[in-house]
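Student: Below is the file model-v1.txt, which contains compact mmCIF, C-alpha atoms and all ligand atoms.
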# COMPACT_ATOMS: atom_id res chain seq x y z
CA MET A 1 94.09 108.51 121.03
CA THR A 2 91.57 105.96 122.17
CA ARG A 3 89.00 105.78 119.38
CA SER A 4 86.00 105.34 121.65
CA ILE A 5 86.93 108.24 123.93
CA ARG A 6 86.05 111.84 123.14
CA PRO A 7 89.24 113.85 123.71
CA LEU A 8 89.53 116.74 126.15
CA VAL A 9 91.90 119.68 125.90
CA ALA A 10 92.08 121.58 129.18
CA GLY A 11 93.92 124.85 129.66
CA ASN A 12 95.57 125.57 133.01
CA TRP A 13 96.10 129.31 133.27
CA LYS A 14 97.88 128.89 136.62
CA MET A 15 98.33 132.21 138.48
CA ASN A 16 97.90 134.24 135.30
CA GLY A 17 94.97 136.30 134.17
CA LEU A 18 93.21 139.55 135.01
CA LYS A 19 89.76 140.61 133.79
CA ALA A 20 91.22 141.84 130.51
CA ASP A 21 92.50 138.32 129.80
CA LEU A 22 88.95 137.05 129.47
CA ALA A 23 89.49 138.15 125.88
CA ILE A 24 91.49 134.91 125.54
CA SER A 25 88.57 132.67 126.50
CA ALA A 26 86.26 134.75 124.31
CA GLU A 27 88.60 134.21 121.36
CA VAL A 28 88.78 130.48 122.08
CA ALA A 29 84.97 130.36 122.11
CA LYS A 30 84.90 132.15 118.76
CA GLY A 31 87.30 129.65 117.25
CA TYR A 32 85.55 126.58 118.70
CA ASP A 33 83.70 125.94 115.47
CA SER A 34 81.23 123.18 114.65
CA GLU A 35 83.96 120.91 113.33
CA LEU A 36 85.91 121.15 116.60
CA LYS A 37 82.75 120.86 118.68
CA ALA A 38 81.97 117.62 116.89
CA SER A 39 85.18 115.97 117.97
CA VAL A 40 86.88 117.50 121.01
CA ASP A 41 85.85 118.88 124.41
CA LEU A 42 87.51 122.04 125.72
CA ALA A 43 87.91 123.29 129.26
CA ILE A 44 89.55 126.43 130.60
CA CYS A 45 90.82 126.58 134.18
CA PRO A 46 91.36 130.27 134.97
CA PRO A 47 92.43 131.56 138.38
CA ALA A 48 89.64 131.38 140.97
CA SER A 49 89.18 135.15 140.81
CA LEU A 50 87.97 134.85 137.21
CA LEU A 51 86.09 131.58 137.40
CA TYR A 52 82.58 132.90 137.90
CA VAL A 53 82.77 135.59 135.26
CA ALA A 54 84.60 133.30 132.79
CA SER A 55 82.00 130.57 133.29
CA ALA A 56 79.15 133.04 132.79
CA ALA A 57 80.74 134.42 129.65
CA LEU A 58 81.18 130.89 128.24
CA VAL A 59 77.58 129.79 128.79
CA GLY A 60 76.32 128.53 125.43
CA SER A 61 79.83 128.03 124.04
CA ARG A 62 80.04 124.38 125.14
CA ILE A 63 83.44 125.20 126.66
CA ALA A 64 83.65 123.99 130.24
CA THR A 65 85.55 125.68 133.02
CA GLY A 66 87.48 124.30 135.94
CA GLY A 67 89.26 125.25 139.11
CA GLN A 68 92.98 124.69 139.64
CA ASP A 69 92.74 123.24 143.16
CA CYS A 70 90.14 122.70 145.87
CA SER A 71 90.00 122.03 149.58
CA PRO A 72 89.34 118.51 150.80
CA GLN A 73 86.95 120.13 153.31
CA ALA A 74 83.35 121.00 152.52
CA SER A 75 83.22 124.35 154.34
CA GLY A 76 84.24 126.13 157.51
CA ALA A 77 87.22 127.83 159.12
CA PHE A 78 89.83 127.26 156.40
CA THR A 79 90.98 130.77 155.53
CA GLY A 80 92.16 131.14 151.97
CA GLU A 81 90.79 127.80 150.81
CA ILE A 82 88.13 127.24 148.18
CA SER A 83 85.71 124.32 148.33
CA ALA A 84 84.67 122.13 145.45
CA ALA A 85 81.06 123.24 145.96
CA MET A 86 82.17 126.87 145.58
CA LEU A 87 83.88 126.03 142.29
CA ALA A 88 80.76 124.23 141.09
CA ASP A 89 78.63 127.17 142.20
CA ALA A 90 80.89 129.47 140.16
CA GLY A 91 80.15 127.38 137.07
CA ALA A 92 83.04 124.91 137.03
CA SER A 93 82.71 121.35 135.77
CA PHE A 94 86.29 120.27 136.46
CA VAL A 95 89.01 120.86 139.02
CA ILE A 96 92.71 120.11 138.68
CA VAL A 97 94.06 118.30 141.75
CA GLY A 98 97.59 117.17 142.53
CA HIS A 99 99.30 119.38 139.97
CA SER A 100 103.05 118.99 140.44
CA GLU A 101 103.30 122.65 141.45
CA ARG A 102 100.93 121.86 144.34
CA ARG A 103 102.71 118.61 145.19
CA THR A 104 106.15 120.30 145.12
CA LEU A 105 105.55 123.85 146.33
CA HIS A 106 102.81 123.04 148.84
CA GLY A 107 103.94 119.59 149.92
CA GLU A 108 100.73 117.91 148.82
CA THR A 109 100.76 114.14 149.30
CA SER A 110 98.78 111.62 147.29
CA THR A 111 96.59 111.09 150.35
CA LEU A 112 95.62 114.75 150.30
CA VAL A 113 95.17 114.73 146.53
CA LYS A 114 92.77 111.79 146.86
CA ALA A 115 90.78 113.63 149.53
CA LYS A 116 90.54 116.63 147.20
CA ALA A 117 89.44 114.41 144.31
CA GLN A 118 86.77 112.85 146.54
CA ALA A 119 85.57 116.31 147.63
CA ALA A 120 85.37 117.29 143.96
CA GLN A 121 83.34 114.23 143.04
CA LYS A 122 80.99 114.86 145.95
CA ALA A 123 80.35 118.34 144.54
CA LEU A 124 79.76 116.76 141.11
CA LEU A 125 82.97 118.17 139.68
CA VAL A 126 85.26 115.94 137.65
CA PRO A 127 88.74 115.97 139.18
CA ILE A 128 91.68 116.08 136.78
CA VAL A 129 94.15 114.09 138.87
CA CYS A 130 97.74 114.93 137.93
CA VAL A 131 100.60 112.48 138.23
CA GLY A 132 104.17 112.55 136.95
CA GLU A 133 107.76 111.80 137.76
CA THR A 134 110.68 114.17 138.34
CA ARG A 135 113.74 114.18 136.12
CA ASP A 136 115.78 112.33 138.76
CA GLU A 137 113.11 109.66 139.04
CA ARG A 138 113.06 109.18 135.25
CA GLU A 139 116.84 109.04 135.04
CA ALA A 140 116.85 106.45 137.81
CA GLY A 141 114.43 104.30 135.79
CA LYS A 142 111.68 104.79 138.35
CA ALA A 143 109.15 106.76 136.29
CA LEU A 144 106.60 103.97 135.88
CA ALA A 145 106.81 102.91 139.52
CA VAL A 146 106.46 106.50 140.78
CA VAL A 147 103.43 107.24 138.63
CA LYS A 148 101.70 103.96 139.53
CA LYS A 149 102.23 104.70 143.21
CA GLN A 150 100.80 108.21 142.78
CA LEU A 151 97.78 106.74 141.03
CA ARG A 152 97.20 104.17 143.77
CA GLY A 153 97.37 106.95 146.36
CA SER A 154 95.46 109.68 144.53
CA VAL A 155 92.59 108.09 142.60
CA PRO A 156 89.32 107.62 144.53
CA GLU A 157 87.86 104.12 144.51
CA GLY A 158 84.71 103.84 142.47
CA SER A 159 85.77 106.45 139.91
CA GLY A 160 84.89 105.91 136.27
CA ALA A 161 84.80 107.56 132.88
CA ALA A 162 82.24 110.19 133.89
CA THR A 163 83.84 111.09 137.21
CA LEU A 164 87.60 111.08 136.65
CA VAL A 165 90.24 112.45 134.30
CA VAL A 166 93.91 111.60 134.79
CA ALA A 167 96.70 113.83 133.50
CA TYR A 168 100.21 112.44 133.09
CA GLU A 169 102.54 115.41 133.45
CA PRO A 170 106.24 114.62 133.76
CA VAL A 171 107.46 117.31 136.16
CA TRP A 172 110.57 117.97 134.07
CA ALA A 173 108.44 118.67 130.98
CA ILE A 174 106.22 121.33 132.56
CA GLY A 175 107.05 124.78 131.28
CA THR A 176 110.47 123.69 130.03
CA GLY A 177 109.88 123.05 126.34
CA LEU A 178 111.06 119.47 126.90
CA THR A 179 108.82 116.50 126.16
CA PRO A 180 109.27 112.76 126.59
CA THR A 181 109.71 110.62 123.51
CA VAL A 182 106.59 109.27 121.89
CA ALA A 183 107.68 105.79 123.01
CA ASP A 184 107.97 106.93 126.63
CA VAL A 185 104.53 108.59 126.51
CA ALA A 186 103.09 105.41 124.98
CA ASP A 187 104.63 103.20 127.69
CA MET A 188 103.43 105.49 130.47
CA HIS A 189 99.87 105.90 129.20
CA GLU A 190 99.54 102.15 128.65
CA ALA A 191 100.80 101.58 132.20
CA ILE A 192 98.37 104.18 133.58
CA ARG A 193 95.43 102.52 131.82
CA ALA A 194 96.49 99.13 133.20
CA GLU A 195 96.95 100.46 136.74
CA LEU A 196 93.53 102.14 136.61
CA GLY A 197 92.15 98.79 135.50
CA ARG A 198 93.56 97.19 138.64
CA LEU A 199 92.20 100.02 140.81
CA LEU A 200 88.79 100.61 139.26
CA GLY A 201 88.08 97.52 137.22
CA LYS A 202 88.80 97.16 133.53
CA ALA A 203 85.44 98.39 132.29
CA ALA A 204 85.51 101.61 134.32
CA ALA A 205 89.17 102.29 133.52
CA SER A 206 88.71 101.80 129.79
CA GLY A 207 86.71 105.02 129.44
CA VAL A 208 88.73 107.34 131.69
CA ARG A 209 90.31 110.17 129.73
CA LEU A 210 94.10 110.16 130.06
CA LEU A 211 95.59 113.54 129.21
CA TYR A 212 99.23 114.23 128.47
CA GLY A 213 100.60 117.51 129.85
CA GLY A 214 104.01 119.15 129.70
CA SER A 215 105.09 121.64 127.04
CA VAL A 216 102.30 120.74 124.62
CA LYS A 217 102.43 123.17 121.71
CA PRO A 218 100.89 123.38 118.24
CA SER A 219 104.18 122.03 116.86
CA ASN A 220 104.19 118.81 118.88
CA ALA A 221 100.49 118.28 119.63
CA ALA A 222 99.64 116.07 116.65
CA GLU A 223 102.51 113.68 117.40
CA LEU A 224 101.70 113.48 121.12
CA MET A 225 97.97 113.08 120.51
CA SER A 226 98.55 110.25 118.05
CA VAL A 227 99.88 108.04 120.85
CA ALA A 228 97.63 105.21 122.07
CA HIS A 229 95.82 106.00 125.34
CA VAL A 230 96.48 109.75 125.02
CA ASP A 231 92.97 111.18 125.10
CA GLY A 232 93.77 114.87 125.08
CA ALA A 233 96.05 117.40 126.68
CA LEU A 234 96.48 119.50 129.79
CA VAL A 235 98.03 122.69 128.51
CA GLY A 236 99.76 125.37 130.57
CA GLY A 237 101.63 128.15 128.78
CA ALA A 238 100.05 127.62 125.37
CA SER A 239 96.55 127.92 126.85
CA LEU A 240 97.17 131.63 127.39
CA LYS A 241 97.28 132.17 123.63
CA ALA A 242 93.91 131.47 122.04
CA GLU A 243 95.37 130.60 118.64
CA GLU A 244 97.82 128.09 120.14
CA PHE A 245 95.16 126.52 122.36
CA LEU A 246 92.85 126.14 119.37
CA ALA A 247 95.65 124.70 117.24
CA ILE A 248 96.25 122.06 119.94
CA ALA A 249 92.52 121.32 119.98
CA ARG A 250 92.56 120.89 116.21
CA ALA A 251 95.42 118.40 116.58
CA CYS A 252 93.15 116.35 118.83
CA ALA A 253 90.11 116.57 116.62
C1 LIG B 301 100.83 122.49 133.30
O1 LIG B 301 101.23 123.30 134.11
O2 LIG B 301 99.89 121.74 133.59
C2 LIG B 301 101.51 122.42 132.01
C3 LIG B 301 101.32 121.35 131.28
O3 LIG B 301 102.29 123.48 131.67
P1 LIG B 301 103.04 123.72 130.25
O4 LIG B 301 102.08 123.35 129.15
O5 LIG B 301 103.36 125.17 130.24
O6 LIG B 301 104.24 122.83 130.24
Could you write out this file's structure as structure tokens?

Tutor:
Amino acid sequence: MTRSIRPLVAGNWKMNGLKADLAISAEVAKGYDSELKASVDLAICPPASLLYVASAALVGSRIATGGQDCSPQASGAFTGEISAAMLADAGASFVIVGHSERRTLHGETSTLVKAKAQAAQKALLVPIVCVGETRDEREAGKALAVVKKQLRGSVPEGSGAATLVVAYEPVWAIGTGLTPTVADVADMHEAIRAELGRLLGKAAASGVRLLYGGSVKPSNAAELMSVAHVDGALVGGASLKAEEFLAIARACA
């Protein structure tokens, strides 16, 4: 944790969730008690189909919502796409961009991710820019270099603490139950903070929230969150269980 930074725990529901699953966000809101509210921010990123109704239901809860992707375009003939302004209009405050599932399954490049992050900022959303190495890249000793390159390509110039969140998500840790060692997370987050310093200036970079994501669970959250420069978590699978998501939040608090 970085003492001066208020942590954020964001849940990425991915392509999961029907109307009935709004019971999960309602339960999270119920468990987000005054003690948690005092020390950790929460965000839930449901599928786009649920965003408006989830956001409306969470008004007054102090739980933010976010999209899982956005178009780099503002509007127009882009069938199937959703703009950042549409997400904001539906109540979102955040949008995940450059998730490894988008980079891998949809061939998204860092150039595109940066354009999406810029579109998000223009719509006054905070992009959660995801970066992370594959297993092969880590085994080849290239993890730090890969992540720094992704950052250089994906982070908009001029970003700062109020307009950017970065999530380090090793691809091989997502949904696998595997996590890097605490030492590896510490090295990576320190390197990310330093690279952001070079890109954005030290003062701006010092307040940017750096989330760790990849198989975060109640059982490992406290250890992961105790690492320097880990300012919260991006949570996939465990965010679909209110009790687990809240337990992770408590580990951050
Ligand atoms: C994710 O998809 O962003 C993620 C971190 O997933 P999981 O927590 O399931 O590994």

Student: Enumerate as a VMD selection string the residues within 9 Å of ligand LIG 301 (chain B), counting only C-alpha atoms and all ligand atoms.

Tutor: chain A and resid 10 to 14 96 99 to 101 130 167 169 to 179 212 to 217 233 to 239

Student: So what do you get for atom CA of Ser49 of chain A versus atom CA of Gly17 of chain A, distance-wise?

Tutor: 8.9 Å

Student: Taking all atoms listed in the file into account, which of A:Tyr168, A:Tyr52, A:Tyr32, A:Phe245 comes nearest Arg209 of chain A?

Tutor: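 Of A:Tyr168, A:Tyr52, A:Tyr32, A:Phe245, the one nearest Arg209 of chain A, counting all atoms listed in the file, is A:Tyr168.
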
Student: Taking (78.5, 132.7, 120.5) in the coordinates of the supplied file, I want to know which residues reach to within 9 Å of it, counting all atoms listed in the file; could you give the answer as a PyMOL selection string?

Tutor: chain A and resi 26+29-30+58-61

Student: Return the single residue from A:Leu240, A:Ile248, A:Ala84, A:Val97 that is closest to Asn220 of chain A, with distances computed using all atoms listed in the file.

Tutor: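 The answer is A:Ile248, which sits nearest to Asn220 of chain A.
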
Student: By how many Å are atom CA of Gly31 of chain A and atom CA of Glu244 of chain A apart?

Tutor: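 Straight-line distance from atom CA of Gly31 of chain A to atom CA of Glu244 of chain A works out to 11.0 Å.
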
Student: As an exercise, work out the distance from atom CA of Ser4 of chain A to atom CA of Val147 of chain A in Å and give it to one decimal place.

Tutor: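 Going from atom CA of Ser4 of chain A over to atom CA of Val147 of chain A covers 24.4 Å.
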
Student: What's the 10 Å shell around Lys19 of chain A, counting all atoms listed in the file, without same-chain residues fewer than 6 positions away, as a list of chain:residue names?

Tutor: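 Contacts, in chain order: A:Ser49, A:Leu50, A:Val53, A:Ala54.
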
Student: Would you write out those residues with C-alpha atoms, as a PDB file, in the coordinates of the input?

Tutor:
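Okay, this is what ended up in selection35.pdb:
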ATOM      1  CA  SER A  49      89.180 135.150 140.810  1.00  0.00           C
ATOM      2  CA  LEU A  50      87.970 134.850 137.210  1.00  0.00           C
ATOM      3  CA  VAL A  53      82.770 135.590 135.260  1.00  0.00           C
ATOM      4  CA  ALA A  54      84.600 133.300 132.790  1.00  0.00           C
TER       5      ALA A  54
END

Student: For Asp69 of chain A, which of A:Val28, A:Ala249, A:Leu112, A:Ala221 is the closest residue, counting all atoms listed in the file?

Tutor: A:Leu112

Student: Excluding Leu18 of chain A and its own-chain neighbours fewer than 3 positions away, which residues fall within 10 Å of it when counting all atoms listed in the file? Please give them as number ranges by chain.

Tutor: A: 15, 21-23, 46-47, 49-50

Student: Using only C-alpha atoms, can you list as a PDB file with C-alpha atoms, in the frame of the given file the residues within 7 Å of (90.4, 115.9, 127.2)?

Tutor:
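Result file follows (out24.pdb):
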ATOM      1  CA  PRO A   7      89.240 113.850 123.710  1.00  0.00           C
ATOM      2  CA  LEU A   8      89.530 116.740 126.150  1.00  0.00           C
ATOM      3  CA  VAL A   9      91.900 119.680 125.900  1.00  0.00           C
ATOM      4  CA  ALA A  10      92.080 121.580 129.180  1.00  0.00           C
ATOM      5  CA  ASP A  41      85.850 118.880 124.410  1.00  0.00           C
ATOM      6  CA  LEU A  42      87.510 122.040 125.720  1.00  0.00           C
ATOM      7  CA  ARG A 209      90.310 110.170 129.730  1.00  0.00           C
ATOM      8  CA  LEU A 211      95.590 113.540 129.210  1.00  0.00           C
ATOM      9  CA  ASP A 231      92.970 111.180 125.100  1.00  0.00           C
ATOM     10  CA  GLY A 232      93.770 114.870 125.080  1.00  0.00           C
ATOM     11  CA  ALA A 233      96.050 117.400 126.680  1.00  0.00           C
TER      12      ALA A 233
END

Student: Please provide as a list in words all residues within 10 Å of Val129 of chain A, with the sequence filter that same-chain residues fewer than 3 positions apart are discarded (counting all atoms listed in the file).

Tutor: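 Listed by chain and then number, they are Val95, Ile96, Val97, Gly98, His99, Ser110, Val113, Lys114, Lys116, Ala117, Val126, Gln150, Leu151, Ser154, Val155, Pro156, Leu164, Val165, Val166, Ala167, Tyr168, Leu210 and Leu211 of chain A.
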
Student: Looking at all atoms listed in the file, which of A:Glu195, A:Glu157, A:Glu35, A:Glu108 is the one that sits closest to Ser71 of chain A?

Tutor: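 The answer is A:Glu108, which sits nearest to Ser71 of chain A.
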
Student: Supply segment 152-174 of chain A as a tab-separated table (two decimals), in the coordinates of the input, with N, CA, C and O atoms built in where the input has gaps.

Tutor:
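The result, written out as result.tsv:
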chain	number	residue	atom	x	y	z
A	152	ARG	N	97.80	104.99	142.70
A	152	ARG	CA	97.20	104.17	143.77
A	152	ARG	C	96.82	105.05	144.96
A	152	ARG	O	95.80	104.84	145.60
A	153	GLY	N	97.64	106.08	145.21
A	153	GLY	CA	97.37	106.95	146.36
A	153	GLY	C	96.36	108.05	146.09
A	153	GLY	O	95.72	108.55	147.02
A	154	SER	N	96.21	108.45	144.84
A	154	SER	CA	95.46	109.68	144.53
A	154	SER	C	94.08	109.46	143.93
A	154	SER	O	93.24	110.37	143.96
A	155	VAL	N	93.85	108.29	143.33
A	155	VAL	CA	92.59	108.09	142.60
A	155	VAL	C	91.52	107.50	143.53
A	155	VAL	O	91.74	106.45	144.14
A	156	PRO	N	90.38	108.16	143.67
A	156	PRO	CA	89.32	107.62	144.53
A	156	PRO	C	88.76	106.30	143.98
A	156	PRO	O	88.56	106.17	142.77
A	157	GLU	N	88.51	105.37	144.89
A	157	GLU	CA	87.86	104.12	144.51
A	157	GLU	C	86.49	104.46	143.92
A	157	GLU	O	85.86	105.44	144.34
A	158	GLY	N	86.06	103.65	143.02
A	158	GLY	CA	84.71	103.84	142.47
A	158	GLY	C	84.64	104.88	141.37
A	158	GLY	O	83.56	105.15	140.84
A	159	SER	N	85.79	105.47	141.00
A	159	SER	CA	85.77	106.45	139.91
A	159	SER	C	85.56	105.73	138.58
A	159	SER	O	85.87	104.54	138.45
A	160	GLY	N	85.08	106.48	137.61
A	160	GLY	CA	84.89	105.91	136.27
A	160	GLY	C	85.00	107.01	135.22
A	160	GLY	O	85.38	108.14	135.53
A	161	ALA	N	84.61	106.65	134.01
A	161	ALA	CA	84.80	107.56	132.88
A	161	ALA	C	84.14	108.92	133.08
A	161	ALA	O	84.66	109.95	132.67
A	162	ALA	N	82.99	108.93	133.75
A	162	ALA	CA	82.24	110.19	133.89
A	162	ALA	C	82.69	111.00	135.10
A	162	ALA	O	82.29	112.16	135.25
A	163	THR	N	83.52	110.41	135.94
A	163	THR	CA	83.84	111.09	137.21
A	163	THR	C	85.33	111.30	137.44
A	163	THR	O	85.74	111.75	138.52
A	164	LEU	N	86.15	110.97	136.46
A	164	LEU	CA	87.60	111.08	136.65
A	164	LEU	C	88.31	111.36	135.32
A	164	LEU	O	87.96	110.77	134.29
A	165	VAL	N	89.27	112.26	135.39
A	165	VAL	CA	90.24	112.45	134.30
A	165	VAL	C	91.61	112.34	134.96
A	165	VAL	O	91.80	112.83	136.08
A	166	VAL	N	92.53	111.69	134.28
A	166	VAL	CA	93.91	111.60	134.79
A	166	VAL	C	94.82	112.34	133.82
A	166	VAL	O	94.68	112.20	132.60
A	167	ALA	N	95.73	113.15	134.35
A	167	ALA	CA	96.70	113.83	133.50
A	167	ALA	C	98.10	113.36	133.87
A	167	ALA	O	98.51	113.50	135.03
A	168	TYR	N	98.79	112.80	132.88
A	168	TYR	CA	100.21	112.44	133.09
A	168	TYR	C	101.05	113.65	132.71
A	168	TYR	O	101.05	114.08	131.55
A	169	GLU	N	101.72	114.23	133.69
A	169	GLU	CA	102.54	115.41	133.45
A	169	GLU	C	103.93	115.19	134.05
A	169	GLU	O	104.13	115.39	135.26
A	170	PRO	N	104.89	114.75	133.23
A	170	PRO	CA	106.24	114.62	133.76
A	170	PRO	C	106.70	115.98	134.29
A	170	PRO	O	106.63	116.98	133.56
A	171	VAL	N	107.15	116.03	135.52
A	171	VAL	CA	107.46	117.31	136.16
A	171	VAL	C	108.50	118.09	135.35
A	171	VAL	O	108.41	119.30	135.17
A	172	TRP	N	109.47	117.34	134.81
A	172	TRP	CA	110.57	117.97	134.07
A	172	TRP	C	110.14	118.51	132.70
A	172	TRP	O	110.91	119.22	132.05
A	173	ALA	N	108.92	118.19	132.28
A	173	ALA	CA	108.44	118.67	130.98
A	173	ALA	C	107.55	119.90	131.12
A	173	ALA	O	107.23	120.56	130.13
A	174	ILE	N	107.16	120.22	132.36
A	174	ILE	CA	106.22	121.33	132.56
A	174	ILE	C	106.94	122.67	132.45
A	174	ILE	O	107.87	122.95	133.21
